[in-house]
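Colleague: Hey, dropping structure-v9.cif in here, mmCIF, C-alpha atoms, pLDDT in the B column; chains and numbers go by the auth columns:
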```
data_run
#
loop_
_atom_site.group_PDB
_atom_site.id
_atom_site.type_symbol
_atom_site.label_atom_id
_atom_site.label_comp_id
_atom_site.label_asym_id
_atom_site.label_seq_id
_atom_site.Cartn_x
_atom_site.Cartn_y
_atom_site.Cartn_z
_atom_site.B_iso_or_equiv
_atom_site.auth_seq_id
_atom_site.auth_asym_id
ATOM 1 C CA MET A 1 363.854 217.947 116.835 61.00 1 A
ATOM 2 C CA VAL A 2 360.983 220.342 116.255 72.00 2 A
ATOM 3 C CA MET A 3 358.967 221.469 119.292 79.00 3 A
ATOM 4 C CA PRO A 4 355.640 219.558 119.102 81.00 4 A
ATOM 5 C CA THR A 5 353.459 222.641 119.561 86.00 5 A
ATOM 6 C CA SER A 6 350.449 220.945 117.990 87.00 6 A
ATOM 7 C CA PHE A 7 349.869 219.064 121.250 87.00 7 A
ATOM 8 C CA TYR A 8 349.801 222.170 123.404 90.00 8 A
ATOM 9 C CA HIS A 9 346.849 224.092 121.948 92.00 9 A
ATOM 10 C CA ILE A 10 344.681 222.057 124.311 95.00 10 A
ATOM 11 C CA LEU A 11 346.449 223.109 127.540 95.00 11 A
ATOM 12 C CA THR A 12 344.147 224.529 130.194 96.00 12 A
ATOM 13 C CA GLU A 13 344.955 228.011 131.431 95.00 13 A
ATOM 14 C CA ASN A 14 346.017 226.574 134.812 95.00 14 A
ATOM 15 C CA ASP A 15 348.361 224.022 133.236 95.00 15 A
ATOM 16 C CA LEU A 16 349.864 226.624 130.926 95.00 16 A
ATOM 17 C CA ASP A 17 350.437 228.915 133.922 96.00 17 A
ATOM 18 C CA ALA A 18 352.090 226.001 135.748 97.00 18 A
ATOM 19 C CA VAL A 19 354.460 225.357 132.821 95.00 19 A
ATOM 20 C CA VAL A 20 355.443 229.026 132.731 96.00 20 A
ATOM 21 C CA ALA A 21 355.915 229.104 136.521 98.00 21 A
ATOM 22 C CA TYR A 22 358.167 226.035 136.322 97.00 22 A
ATOM 23 C CA LEU A 23 360.243 227.453 133.462 96.00 23 A
ATOM 24 C CA ARG A 24 360.833 230.581 135.528 96.00 24 A
ATOM 25 C CA THR A 25 362.471 228.459 138.250 98.00 25 A
ATOM 26 C CA ILE A 26 365.181 227.183 135.919 96.00 26 A
ATOM 27 C CA THR A 27 368.524 228.955 136.098 96.00 27 A
ATOM 28 C CA PRO A 28 369.278 230.636 132.762 92.00 28 A
ATOM 29 C CA VAL A 29 372.093 229.209 130.696 92.00 29 A
ATOM 30 C CA HIS A 30 373.943 231.330 128.172 92.00 30 A
ATOM 31 C CA ASN A 31 374.547 229.040 125.238 92.00 31 A
ATOM 32 C CA LYS A 32 374.766 230.162 121.623 92.00 32 A
ATOM 33 C CA VAL A 33 373.167 227.596 119.332 90.00 33 A
ATOM 34 C CA PRO A 34 372.900 227.793 115.556 92.00 34 A
ATOM 35 C CA ASP A 35 369.582 228.647 113.991 90.00 35 A
ATOM 36 C CA PRO A 36 367.669 225.532 112.954 86.00 36 A
ATOM 37 C CA ILE A 37 367.706 224.359 109.365 87.00 37 A
ATOM 38 C CA TYR A 38 364.564 222.511 108.331 84.00 38 A
ATOM 39 C CA LYS A 39 364.789 220.407 105.203 83.00 39 A
ATOM 40 C CA VAL A 40 361.038 219.936 104.889 78.00 40 A
ATOM 41 C CA PRO A 41 358.150 222.348 105.422 77.00 41 A
ATOM 42 C CA GLN A 42 357.041 222.513 109.043 76.00 42 A
ATOM 43 C CA VAL A 43 353.335 221.774 109.172 77.00 43 A
ATOM 44 C CA GLU A 44 351.422 221.749 112.415 81.00 44 A
ATOM 45 C CA ASN A 45 349.180 218.684 112.479 83.00 45 A
ATOM 46 C CA VAL A 46 346.854 219.146 115.456 85.00 46 A
ATOM 47 C CA PRO A 47 344.960 216.067 116.648 86.00 47 A
ATOM 48 C CA PRO A 48 341.195 216.451 116.083 87.00 48 A
ATOM 49 C CA GLY A 49 339.633 217.891 119.236 89.00 49 A
ATOM 50 C CA GLY A 50 342.917 219.412 120.369 90.00 50 A
ATOM 51 C CA GLU A 51 342.655 222.662 118.451 91.00 51 A
ATOM 52 C CA ASN A 52 341.498 224.797 121.372 93.00 52 A
ATOM 53 C CA ALA A 53 342.352 225.127 125.037 94.00 53 A
ATOM 54 C CA PHE A 54 340.311 223.008 127.431 95.00 54 A
ATOM 55 C CA ALA A 55 338.426 224.764 130.197 94.00 55 A
ATOM 56 C CA GLU A 56 338.773 223.418 133.740 92.00 56 A
ATOM 57 C CA PRO A 57 335.103 222.269 133.897 93.00 57 A
ATOM 58 C CA MET A 58 335.777 219.938 130.932 94.00 58 A
ATOM 59 C CA MET A 59 338.210 218.026 133.128 94.00 59 A
ATOM 60 C CA SER A 60 335.341 216.716 135.274 96.00 60 A
ATOM 61 C CA ASP A 61 334.292 214.429 132.396 97.00 61 A
ATOM 62 C CA LYS A 62 336.480 211.296 132.623 97.00 62 A
ATOM 63 C CA VAL A 63 336.661 210.685 128.857 97.00 63 A
ATOM 64 C CA GLN A 64 337.461 214.327 128.077 97.00 64 A
ATOM 65 C CA LYS A 65 340.120 214.355 130.773 97.00 65 A
ATOM 66 C CA GLY A 66 341.594 211.181 129.282 97.00 66 A
ATOM 67 C CA PHE A 67 341.667 212.769 125.829 96.00 67 A
ATOM 68 C CA TYR A 68 343.385 215.814 127.331 97.00 68 A
ATOM 69 C CA LEU A 69 346.041 213.700 129.051 96.00 69 A
ATOM 70 C CA VAL A 70 346.639 211.508 125.990 95.00 70 A
ATOM 71 C CA THR A 71 346.999 214.642 123.854 94.00 71 A
ATOM 72 C CA ILE A 72 349.482 216.509 126.049 93.00 72 A
ATOM 73 C CA ALA A 73 351.465 213.279 126.532 92.00 73 A
ATOM 74 C CA HIS A 74 351.741 212.915 122.711 89.00 74 A
ATOM 75 C CA CYS A 75 350.432 209.333 122.831 92.00 75 A
ATOM 76 C CA MET A 76 348.805 209.498 119.423 91.00 76 A
ATOM 77 C CA ALA A 77 351.925 210.981 117.838 89.00 77 A
ATOM 78 C CA CYS A 78 353.642 207.632 118.235 91.00 78 A
ATOM 79 C CA HIS A 79 350.563 205.435 117.919 94.00 79 A
ATOM 80 C CA THR A 80 349.183 206.945 114.681 93.00 80 A
ATOM 81 C CA PRO A 81 350.695 206.167 111.245 93.00 81 A
ATOM 82 C CA ILE A 82 352.346 208.880 109.174 89.00 82 A
ATOM 83 C CA GLY A 83 350.974 209.556 105.700 87.00 83 A
ATOM 84 C CA PRO A 84 351.987 212.010 102.979 84.00 84 A
ATOM 85 C CA ARG A 85 350.444 214.923 104.942 78.00 85 A
ATOM 86 C CA GLY A 86 351.615 213.908 108.406 82.00 86 A
ATOM 87 C CA ARG A 87 349.894 211.895 111.106 87.00 87 A
ATOM 88 C CA GLU A 88 346.724 210.215 109.859 91.00 88 A
ATOM 89 C CA TYR A 89 344.620 211.261 112.857 90.00 89 A
ATOM 90 C CA LYS A 90 341.357 211.333 110.919 89.00 90 A
ATOM 91 C CA SER A 91 341.670 207.909 109.293 90.00 91 A
ATOM 92 C CA SER A 92 343.972 205.833 111.516 93.00 92 A
ATOM 93 C CA LEU A 93 343.998 207.370 114.995 93.00 93 A
ATOM 94 C CA GLY A 94 345.848 205.056 117.370 94.00 94 A
ATOM 95 C CA ALA A 95 346.427 202.340 114.760 95.00 95 A
ATOM 96 C CA GLY A 96 350.142 202.053 115.529 94.00 96 A
ATOM 97 C CA GLY A 97 352.712 200.838 113.037 92.00 97 A
ATOM 98 C CA VAL A 98 355.220 203.672 113.463 92.00 98 A
ATOM 99 C CA LYS A 99 358.818 202.394 113.447 93.00 99 A
ATOM 100 C CA PHE A 100 361.402 203.717 115.898 91.00 100 A
ATOM 101 C CA SER A 101 365.108 202.982 115.611 91.00 101 A
ATOM 102 C CA GLY A 102 367.473 203.394 118.528 90.00 102 A
ATOM 103 C CA PRO A 103 369.951 201.616 120.752 91.00 103 A
ATOM 104 C CA TRP A 104 367.162 199.135 121.523 87.00 104 A
ATOM 105 C CA GLY A 105 366.950 198.180 117.839 90.00 105 A
ATOM 106 C CA ILE A 106 363.731 198.719 115.896 92.00 106 A
ATOM 107 C CA SER A 107 360.451 199.025 117.729 91.00 107 A
ATOM 108 C CA VAL A 108 357.012 199.404 116.183 93.00 108 A
ATOM 109 C CA SER A 109 354.236 201.272 117.991 93.00 109 A
ATOM 110 C CA ARG A 110 351.231 199.180 118.911 93.00 110 A
ATOM 111 C CA ASN A 111 347.638 199.570 117.856 95.00 111 A
ATOM 112 C CA ILE A 112 345.846 201.134 120.854 96.00 112 A
ATOM 113 C CA THR A 113 342.394 201.259 119.290 96.00 113 A
ATOM 114 C CA GLN A 114 339.431 199.107 120.279 96.00 114 A
ATOM 115 C CA ASN A 115 340.223 196.666 117.467 95.00 115 A
ATOM 116 C CA LYS A 116 339.619 193.263 119.067 94.00 116 A
ATOM 117 C CA THR A 117 342.281 191.455 117.009 93.00 117 A
ATOM 118 C CA ASN A 118 345.143 193.920 116.570 92.00 118 A
ATOM 119 C CA GLY A 119 344.333 196.507 119.211 95.00 119 A
ATOM 120 C CA ILE A 120 343.420 196.591 122.889 96.00 120 A
ATOM 121 C CA GLY A 121 339.698 195.959 122.431 95.00 121 A
ATOM 122 C CA THR A 122 339.735 192.733 124.435 96.00 122 A
ATOM 123 C CA TRP A 123 342.227 193.883 127.063 97.00 123 A
ATOM 124 C CA SER A 124 341.024 194.516 130.605 97.00 124 A
ATOM 125 C CA ASP A 125 341.446 197.953 132.156 97.00 125 A
ATOM 126 C CA ASP A 126 344.137 196.548 134.445 97.00 126 A
ATOM 127 C CA GLU A 127 346.044 195.099 131.470 97.00 127 A
ATOM 128 C CA ILE A 128 345.995 198.488 129.729 97.00 128 A
ATOM 129 C CA LYS A 129 347.149 200.225 132.905 97.00 129 A
ATOM 130 C CA ARG A 130 349.994 197.727 133.347 96.00 130 A
ATOM 131 C CA ALA A 131 351.090 198.288 129.747 96.00 131 A
ATOM 132 C CA ILE A 132 351.149 202.068 130.242 96.00 132 A
ATOM 133 C CA THR A 133 352.849 202.123 133.640 95.00 133 A
ATOM 134 C CA GLU A 134 355.061 199.033 133.578 95.00 134 A
ATOM 135 C CA GLY A 135 355.628 198.247 129.893 93.00 135 A
ATOM 136 C CA VAL A 136 354.173 194.765 130.218 94.00 136 A
ATOM 137 C CA SER A 137 351.885 193.394 127.512 93.00 137 A
ATOM 138 C CA ARG A 138 348.721 191.408 128.041 93.00 138 A
ATOM 139 C CA ASP A 139 350.640 188.150 127.653 93.00 139 A
ATOM 140 C CA GLY A 140 353.298 189.212 130.171 93.00 140 A
ATOM 141 C CA SER A 141 355.990 190.034 127.605 91.00 141 A
ATOM 142 C CA ARG A 142 357.949 193.279 127.839 91.00 142 A
ATOM 143 C CA LEU A 143 356.893 196.090 125.529 89.00 143 A
ATOM 144 C CA GLY A 144 359.640 197.852 123.609 84.00 144 A
ATOM 145 C CA ARG A 145 361.159 201.266 123.825 87.00 145 A
ATOM 146 C CA PRO A 146 361.055 204.193 123.223 90.00 146 A
ATOM 147 C CA MET A 147 357.811 204.354 125.223 87.00 147 A
ATOM 148 C CA GLY A 148 358.645 206.050 128.510 87.00 148 A
ATOM 149 C CA TYR A 149 356.866 203.695 130.902 89.00 149 A
ATOM 150 C CA HIS A 150 358.914 205.070 133.775 89.00 150 A
ATOM 151 C CA TYR A 151 357.342 208.498 133.167 90.00 151 A
ATOM 152 C CA TYR A 152 353.878 207.037 133.646 93.00 152 A
ATOM 153 C CA ALA A 153 354.711 204.686 136.525 93.00 153 A
ATOM 154 C CA ARG A 154 353.560 207.193 139.142 94.00 154 A
ATOM 155 C CA ILE A 155 350.553 208.642 137.345 95.00 155 A
ATOM 156 C CA SER A 156 347.606 209.070 139.680 96.00 156 A
ATOM 157 C CA PRO A 157 344.950 206.340 139.643 96.00 157 A
ATOM 158 C CA ASP A 158 342.359 208.964 138.665 97.00 158 A
ATOM 159 C CA ASP A 159 344.406 210.109 135.663 97.00 159 A
ATOM 160 C CA LEU A 160 345.122 206.521 134.635 97.00 160 A
ATOM 161 C CA ASP A 161 341.395 205.698 134.816 98.00 161 A
ATOM 162 C CA ALA A 162 340.681 208.730 132.619 98.00 162 A
ATOM 163 C CA ILE A 163 343.258 207.622 130.029 97.00 163 A
ATOM 164 C CA VAL A 164 341.741 204.133 129.874 98.00 164 A
ATOM 165 C CA ALA A 165 338.223 205.607 129.632 98.00 165 A
ATOM 166 C CA TYR A 166 339.336 207.697 126.646 97.00 166 A
ATOM 167 C CA LEU A 167 341.166 204.790 124.960 97.00 167 A
ATOM 168 C CA ARG A 168 337.932 202.797 125.210 97.00 168 A
ATOM 169 C CA THR A 169 336.362 205.379 122.867 96.00 169 A
ATOM 170 C CA VAL A 170 338.995 205.146 120.113 95.00 170 A
ATOM 171 C CA PRO A 171 337.334 203.225 117.274 92.00 171 A
ATOM 172 C CA GLY A 172 338.953 199.960 116.240 86.00 172 A
ATOM 173 C CA SER A 173 341.347 200.299 113.355 67.00 173 A
ATOM 174 C CA ALA A 174 342.415 197.368 111.200 58.00 174 A
ATOM 175 C CA GLU A 175 346.073 198.461 111.115 51.00 175 A
#
```
For this file, write the structure as structure tokens.

Modeller:
Amino acid sequence: MVMPTSFYHILTENDLDAVVAYLRTITPVHNKVPDPIYKVPQVENVPPGGENAFAEPMMSDKVQKGFYLVTIAHCMACHTPIGPRGREYKSSLGAGGVKFSGPWGISVSRNITQNKTNGIGTWSDDEIKRAITEGVSRDGSRLGRPMGYHYYARISPDDLDAIVAYLRTVPGSAE
């Protein structure tokens, strides 16, 4: 798998320093691995608005903070369709429809736009939060893998509110 560097341009200086500090705590492992062989050109497809590092003052705006968190968590990588030039961030941001195969079978990412029919436009904030943190849909059914609900189960209420505030700004897509 290719390192998804396109989602890290946005990292604040403090968060980038924290990542480096953490990596320095890991005991080195000496392991020779073969050089990667890529069968297709590697193109970096940065989500619009994620091209440059965020400054700490930007994090005081709830919607901007939500965008930041959604970007570094790669949410739109799974919830945005893939076209001939990569993720269709400009035309179908959050529209879902990406298929994932695994031991769970085949799962299709959901539309997380404000579309009132196919998306989350009529969902309450609490329903969105439950979907993110528990993997439970609006109707009470379990949402499929590979979404890592367990990773988001302990997200702070403030961060979760910011994510929902940002998702409320994603225009409805018909996908």

Colleague: Could you give me, as JSON lines, every stretch 51-110 of chain A residue with an atom at most 9 Å from stretch 11-29 of chain A, plus its closest atom pair and distance in Å to one decimal, counting all atoms listed in the file, rows ordered by chain then number?

Modeller:
```
{"residue": "A:Asn52", "atom": "CA", "partner": "A:Leu11", "partner_atom": "CA", "distance": 8.1}
{"residue": "A:Ala53", "atom": "CA", "partner": "A:Leu11", "partner_atom": "CA", "distance": 5.2}
{"residue": "A:Phe54", "atom": "CA", "partner": "A:Thr12", "partner_atom": "CA", "distance": 5.0}
{"residue": "A:Ala55", "atom": "CA", "partner": "A:Thr12", "partner_atom": "CA", "distance": 5.7}
{"residue": "A:Glu56", "atom": "CA", "partner": "A:Thr12", "partner_atom": "CA", "distance": 6.5}
{"residue": "A:Tyr68", "atom": "CA", "partner": "A:Leu11", "partner_atom": "CA", "distance": 7.9}
{"residue": "A:Ile72", "atom": "CA", "partner": "A:Leu11", "partner_atom": "CA", "distance": 7.4}
```

Colleague: Write the residues of the preceding selection, restricted to C-alpha atoms, as a JSON list (two decimals), keeping the file's coordinate frame.

Modeller:
```
[["chain", "number", "residue", "atom", "x", "y", "z"],
["A", 52, "ASN", "CA", 341.50, 224.80, 121.37],
["A", 53, "ALA", "CA", 342.35, 225.13, 125.04],
["A", 54, "PHE", "CA", 340.31, 223.01, 127.43],
["A", 55, "ALA", "CA", 338.43, 224.76, 130.20],
["A", 56, "GLU", "CA", 338.77, 223.42, 133.74],
["A", 68, "TYR", "CA", 343.38, 215.81, 127.33],
["A", 72, "ILE", "CA", 349.48, 216.51, 126.05]]
```

Colleague: Pick the closest to A:Arg145 from A:His30, A:Lys99, A:Arg168, A:Lys116: which is it, counting only C-alpha atoms?

Modeller: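 Using only C-alpha atoms, A:Arg145 sits closest to A:Lys99.
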
Colleague: Using only C-alpha atoms, find the one residue out of A:Val43, A:Ile132, A:Leu93, A:Leu167 that sits nearest to A:Tyr152.

Modeller: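 Using only C-alpha atoms, A:Tyr152 sits closest to A:Ile132.
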
Colleague: Which is closest to A:Leu160 among A:Thr133, A:Ser92, A:Ser141, A:Ser6, if we use all atoms listed in the file?

Modeller: A:Thr133

Colleague: I'd like to know which of A:Ile128, A:Leu143, A:Ile120, A:Val136 is closest to A:Gly172, using all atoms listed in the file.

Modeller: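 Answer, going by the shortest atom-to-atom distance: A:Ile120.
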
Colleague: Mind pulling up the distance from atom CA of A:His79 to atom CA of A:Ser156?

Modeller: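 So the two atoms, atom CA of A:Ser156 and atom CA of A:His79, lie 22.3 Å apart.
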
Colleague: Residues proximal to (347.9, 193.9, 115.1) were defined as those with any atom within 9 Å of that point in the file's coordinates, counting all atoms listed in the file. Which are they, as a list in words?

Modeller: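 Checked against the point, the hits come out as Ala95, Gly96, Gly97, Arg110, Asn111, Asn115, Thr117, Asn118, Gly119, Ala174 and Glu175 of chain A.
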
Colleague: Could you check the closest approach to A:Ala73 for each of A:Tyr8, A:Trp123, A:Tyr38, A:Tyr166 and tell me which residue wins, using only C-alpha atoms?

Modeller: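 Closest candidate: A:Tyr8.
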
Colleague: Neighbouring residues of A:Thr169 were defined as those with any atom within 12 Å, considering only C-alpha atoms; residues of the same chain fewer than 2 positions away were excluded. Please report them as an mmCIF file with C-alpha atoms, in the coordinates of the input.

Modeller:
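Final output, result.cif:
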```cif
data_model
loop_
_atom_site.group_PDB
_atom_site.id
_atom_site.type_symbol
_atom_site.label_atom_id
_atom_site.label_comp_id
_atom_site.auth_asym_id
_atom_site.auth_seq_id
_atom_site.Cartn_x
_atom_site.Cartn_y
_atom_site.Cartn_z
ATOM 1 C CA LYS A 62 336.480 211.296 132.623
ATOM 2 C CA VAL A 63 336.661 210.685 128.857
ATOM 3 C CA GLN A 64 337.461 214.327 128.077
ATOM 4 C CA GLY A 66 341.594 211.181 129.282
ATOM 5 C CA PHE A 67 341.667 212.769 125.829
ATOM 6 C CA LEU A 93 343.998 207.370 114.995
ATOM 7 C CA GLY A 94 345.848 205.056 117.370
ATOM 8 C CA ILE A 112 345.846 201.134 120.854
ATOM 9 C CA THR A 113 342.394 201.259 119.290
ATOM 10 C CA GLN A 114 339.431 199.107 120.279
ATOM 11 C CA ASN A 115 340.223 196.666 117.467
ATOM 12 C CA ILE A 120 343.420 196.591 122.889
ATOM 13 C CA GLY A 121 339.698 195.959 122.431
ATOM 14 C CA ALA A 162 340.681 208.730 132.619
ATOM 15 C CA ILE A 163 343.258 207.622 130.029
ATOM 16 C CA VAL A 164 341.741 204.133 129.874
ATOM 17 C CA ALA A 165 338.223 205.607 129.632
ATOM 18 C CA TYR A 166 339.336 207.697 126.646
ATOM 19 C CA LEU A 167 341.166 204.790 124.960
ATOM 20 C CA PRO A 171 337.334 203.225 117.274
ATOM 21 C CA GLY A 172 338.953 199.960 116.240
ATOM 22 C CA SER A 173 341.347 200.299 113.355
#
```

Colleague: Using all atoms listed in the file for the distances, tell me which of A:Lys39, A:Arg87, A:Lys65, A:Lys129 is nearest to A:Tyr149.

Modeller: A:Lys129
